[in-house]
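Step one of this worksheet: look at the structure below.
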Amino acid sequence: MTDLSTIESKLDQILDISLRANPPQLMTTQECAAYLQVSAERLYQMRKEGIGPKFRQPTERWVRYRREDVDAWVTGN
């Protein structure tokens, strides 16, 4: 019998693969982290240190990453 944590883990893996294959144009921190194959915590730290991809903060609590900004950051453009 498969326990719930195993199922959740597998679903997270499927989501990560899906996001890397077809990321949305505007990504949340979790989506961007999956796209970059880093943890959301690491992306947060990069944002705090000013070394990560460009992001938008439309409200105090929301952070969004444009895919074109993330791709530009990855390629160094």
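Following the order of the structure tokens, chains are lettered A, B, ..., residues in each are numbered from 1, and ligands are numbered from 1.
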**Asked** Hey, what's within 10 Å of Tyr44 (chain A) if we count only C-alpha atoms and toss same-chain stuff fewer than 3 positions away? As a count of residues only, please?
**Response** 12
For this session: Any chance you could list, as a VMD selection string, the residues in chain A that come up alpha helix (DSSP H) when DSSP is run on the backbone?
Result: chain A and resid 4 to 21 29 to 36 40 to 49 67 to 75
Taken to one decimal, the CA of Asp3 (chain A)-CA of Arg20 (chain A) distance is 26.5 Å
Selection near Thr28 (chain A), 7 Å with only C-alpha atoms, sequence-local residues under 3 positions removed, as a PDB file with all heavy atoms, in the first residue's frame:
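Just written: around.pdb:
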```pdb
ATOM      1  N   GLU A  31       6.741  28.044  -8.945  1.00  0.00           N
ATOM      2  CA  GLU A  31       6.825  27.673 -10.356  1.00  0.00           C
ATOM      3  C   GLU A  31       8.194  28.023 -10.935  1.00  0.00           C
ATOM      4  O   GLU A  31       8.786  27.232 -11.672  1.00  0.00           O
ATOM      5  CB  GLU A  31       5.718  28.366 -11.155  1.00  0.00           C
ATOM      6  CG  GLU A  31       4.337  27.852 -10.834  1.00  0.00           C
ATOM      7  CD  GLU A  31       3.235  28.724 -11.393  1.00  0.00           C
ATOM      8  OE1 GLU A  31       3.455  29.935 -11.613  1.00  0.00           O
ATOM      9  OE2 GLU A  31       2.135  28.185 -11.600  1.00  0.00           O
ATOM     10  N   CYS A  32       8.697  29.191 -10.583  1.00  0.00           N
ATOM     11  CA  CYS A  32      10.007  29.609 -11.073  1.00  0.00           C
ATOM     12  C   CYS A  32      11.103  28.705 -10.516  1.00  0.00           C
ATOM     13  O   CYS A  32      12.033  28.330 -11.237  1.00  0.00           O
ATOM     14  CB  CYS A  32      10.259  31.057 -10.700  1.00  0.00           C
ATOM     15  SG  CYS A  32      11.783  31.737 -11.383  1.00  0.00           S
ATOM     16  N   VAL A  63       4.926  37.846  -5.356  1.00  0.00           N
ATOM     17  CA  VAL A  63       6.127  37.979  -6.177  1.00  0.00           C
ATOM     18  C   VAL A  63       5.889  37.149  -7.426  1.00  0.00           C
ATOM     19  O   VAL A  63       5.431  36.009  -7.351  1.00  0.00           O
ATOM     20  CB  VAL A  63       7.383  37.466  -5.431  1.00  0.00           C
ATOM     21  CG1 VAL A  63       8.596  37.456  -6.343  1.00  0.00           C
ATOM     22  CG2 VAL A  63       7.642  38.308  -4.193  1.00  0.00           C
ATOM     23  N   ARG A  64       6.190  37.726  -8.566  1.00  0.00           N
ATOM     24  CA  ARG A  64       6.019  37.020  -9.831  1.00  0.00           C
ATOM     25  C   ARG A  64       7.264  37.195 -10.689  1.00  0.00           C
ATOM     26  O   ARG A  64       7.934  38.228 -10.644  1.00  0.00           O
ATOM     27  CB  ARG A  64       4.800  37.537 -10.618  1.00  0.00           C
ATOM     28  CG  ARG A  64       3.475  37.324  -9.902  1.00  0.00           C
ATOM     29  CD  ARG A  64       3.158  35.839  -9.780  1.00  0.00           C
ATOM     30  NE  ARG A  64       1.864  35.591  -9.175  1.00  0.00           N
ATOM     31  CZ  ARG A  64       1.665  35.306  -7.905  1.00  0.00           C
ATOM     32  NH1 ARG A  64       2.685  35.241  -7.069  1.00  0.00           N
ATOM     33  NH2 ARG A  64       0.453  35.071  -7.450  1.00  0.00           N
ATOM     34  N   TYR A  65       7.565  36.172 -11.455  1.00  0.00           N
ATOM     35  CA  TYR A  65       8.703  36.169 -12.362  1.00  0.00           C
ATOM     36  C   TYR A  65       8.193  36.022 -13.794  1.00  0.00           C
ATOM     37  O   TYR A  65       7.426  35.096 -14.066  1.00  0.00           O
ATOM     38  CB  TYR A  65       9.636  34.993 -12.061  1.00  0.00           C
ATOM     39  CG  TYR A  65      10.289  35.069 -10.715  1.00  0.00           C
ATOM     40  CD1 TYR A  65       9.643  34.579  -9.579  1.00  0.00           C
ATOM     41  CD2 TYR A  65      11.551  35.617 -10.560  1.00  0.00           C
ATOM     42  CE1 TYR A  65      10.249  34.638  -8.338  1.00  0.00           C
ATOM     43  CE2 TYR A  65      12.156  35.681  -9.318  1.00  0.00           C
ATOM     44  CZ  TYR A  65      11.500  35.187  -8.214  1.00  0.00           C
ATOM     45  OH  TYR A  65      12.093  35.249  -6.982  1.00  0.00           O
TER      46      TYR A  65
END
```
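Shortest separation to Met27 (chain A) among A:Pro53, A:Glu60, A:Arg42, A:Asn77 occurs at residue A:Pro53, atoms counted being only C-alpha atoms.
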Exercise. Fewer than 6 positions away in the same chain doesn't count, so skip those; otherwise give me all residues within 12 Å of Asn22 (chain A), counting only C-alpha atoms, as JSON, numbers by chain.
Key: {"A": [15, 16, 31, 32, 34, 35, 67]}
Could the residues in this selection be written to a file with all heavy atoms, as an mmCIF file, in the first residue's frame?
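Written output follows (again.cif):
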```
data_model
loop_
_atom_site.group_PDB
_atom_site.id
_atom_site.type_symbol
_atom_site.label_atom_id
_atom_site.label_comp_id
_atom_site.auth_asym_id
_atom_site.auth_seq_id
_atom_site.Cartn_x
_atom_site.Cartn_y
_atom_site.Cartn_z
ATOM 1 N N LEU A 15 4.494 17.654 -11.335
ATOM 2 C CA LEU A 15 4.295 19.097 -11.491
ATOM 3 C C LEU A 15 5.591 19.773 -11.905
ATOM 4 O O LEU A 15 5.597 20.619 -12.805
ATOM 5 C CB LEU A 15 3.763 19.707 -10.198
ATOM 6 C CG LEU A 15 3.560 21.222 -10.205
ATOM 7 C CD1 LEU A 15 2.548 21.622 -11.271
ATOM 8 C CD2 LEU A 15 3.131 21.706 -8.840
ATOM 9 N N ASP A 16 6.705 19.418 -11.277
ATOM 10 C CA ASP A 16 8.006 20.000 -11.631
ATOM 11 C C ASP A 16 8.360 19.725 -13.090
ATOM 12 O O ASP A 16 8.800 20.621 -13.814
ATOM 13 C CB ASP A 16 9.113 19.458 -10.720
ATOM 14 C CG ASP A 16 9.075 20.052 -9.328
ATOM 15 O OD1 ASP A 16 8.319 21.023 -9.104
ATOM 16 O OD2 ASP A 16 9.807 19.542 -8.464
ATOM 17 N N GLU A 31 6.741 28.044 -8.945
ATOM 18 C CA GLU A 31 6.825 27.673 -10.356
ATOM 19 C C GLU A 31 8.194 28.023 -10.935
ATOM 20 O O GLU A 31 8.786 27.232 -11.672
ATOM 21 C CB GLU A 31 5.718 28.366 -11.155
ATOM 22 C CG GLU A 31 4.337 27.852 -10.834
ATOM 23 C CD GLU A 31 3.235 28.724 -11.393
ATOM 24 O OE1 GLU A 31 3.455 29.935 -11.613
ATOM 25 O OE2 GLU A 31 2.135 28.185 -11.600
ATOM 26 N N CYS A 32 8.697 29.191 -10.583
ATOM 27 C CA CYS A 32 10.007 29.609 -11.073
ATOM 28 C C CYS A 32 11.103 28.705 -10.516
ATOM 29 O O CYS A 32 12.033 28.330 -11.237
ATOM 30 C CB CYS A 32 10.259 31.057 -10.700
ATOM 31 S SG CYS A 32 11.783 31.737 -11.383
ATOM 32 N N ALA A 34 10.801 25.583 -9.670
ATOM 33 C CA ALA A 34 10.717 24.312 -10.398
ATOM 34 C C ALA A 34 11.332 24.461 -11.783
ATOM 35 O O ALA A 34 12.067 23.591 -12.245
ATOM 36 C CB ALA A 34 9.263 23.852 -10.502
ATOM 37 N N TYR A 35 11.068 25.571 -12.445
ATOM 38 C CA TYR A 35 11.606 25.835 -13.781
ATOM 39 C C TYR A 35 13.137 25.879 -13.749
ATOM 40 O O TYR A 35 13.803 25.343 -14.627
ATOM 41 C CB TYR A 35 11.031 27.154 -14.295
ATOM 42 C CG TYR A 35 11.453 27.559 -15.678
ATOM 43 C CD1 TYR A 35 11.270 26.720 -16.772
ATOM 44 C CD2 TYR A 35 11.991 28.821 -15.910
ATOM 45 C CE1 TYR A 35 11.633 27.107 -18.043
ATOM 46 C CE2 TYR A 35 12.355 29.220 -17.179
ATOM 47 C CZ TYR A 35 12.171 28.361 -18.249
ATOM 48 O OH TYR A 35 12.535 28.752 -19.509
ATOM 49 N N ARG A 67 8.724 34.834 -17.473
ATOM 50 C CA ARG A 67 9.569 33.793 -18.046
ATOM 51 C C ARG A 67 10.688 34.389 -18.882
ATOM 52 O O ARG A 67 11.830 33.934 -18.822
ATOM 53 C CB ARG A 67 8.744 32.808 -18.867
ATOM 54 C CG ARG A 67 9.600 31.639 -19.351
ATOM 55 C CD ARG A 67 8.795 30.557 -19.995
ATOM 56 N NE ARG A 67 8.206 31.033 -21.223
ATOM 57 C CZ ARG A 67 7.294 30.377 -21.918
ATOM 58 N NH1 ARG A 67 6.846 29.210 -21.491
ATOM 59 N NH2 ARG A 67 6.800 30.850 -23.024
#
```
Closest of A:Met46, A:Leu36, A:Ile14, A:Leu26 to Trp62 (chain A), counting only C-alpha atoms, is A:Leu26
Quick one: DSSP strand (DSSP E or B) residues in chain A, as a PDB file with N, CA and C atoms, in the first residue's frame?
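The new file out-v1.pdb reads:
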```pdb
ATOM      1  N   LEU A  26       3.998  34.031 -16.630  1.00  0.00           N
ATOM      2  CA  LEU A  26       4.160  34.718 -15.352  1.00  0.00           C
ATOM      3  C   LEU A  26       4.146  33.653 -14.263  1.00  0.00           C
ATOM      4  N   MET A  27       5.264  33.511 -13.542  1.00  0.00           N
ATOM      5  CA  MET A  27       5.423  32.400 -12.611  1.00  0.00           C
ATOM      6  C   MET A  27       5.451  32.866 -11.159  1.00  0.00           C
ATOM      7  N   ARG A  56       8.858  40.750 -10.262  1.00  0.00           N
ATOM      8  CA  ARG A  56       7.877  41.805 -10.052  1.00  0.00           C
ATOM      9  C   ARG A  56       7.183  41.530  -8.728  1.00  0.00           C
ATOM     10  N   ARG A  64       6.190  37.726  -8.566  1.00  0.00           N
ATOM     11  CA  ARG A  64       6.019  37.020  -9.831  1.00  0.00           C
ATOM     12  C   ARG A  64       7.264  37.195 -10.689  1.00  0.00           C
ATOM     13  N   TYR A  65       7.565  36.172 -11.455  1.00  0.00           N
ATOM     14  CA  TYR A  65       8.703  36.169 -12.362  1.00  0.00           C
ATOM     15  C   TYR A  65       8.193  36.022 -13.794  1.00  0.00           C
ATOM     16  N   ARG A  66       8.603  36.918 -14.680  1.00  0.00           N
ATOM     17  CA  ARG A  66       8.268  36.759 -16.097  1.00  0.00           C
ATOM     18  C   ARG A  66       9.243  35.757 -16.697  1.00  0.00           C
TER      19      ARG A  66
END
```
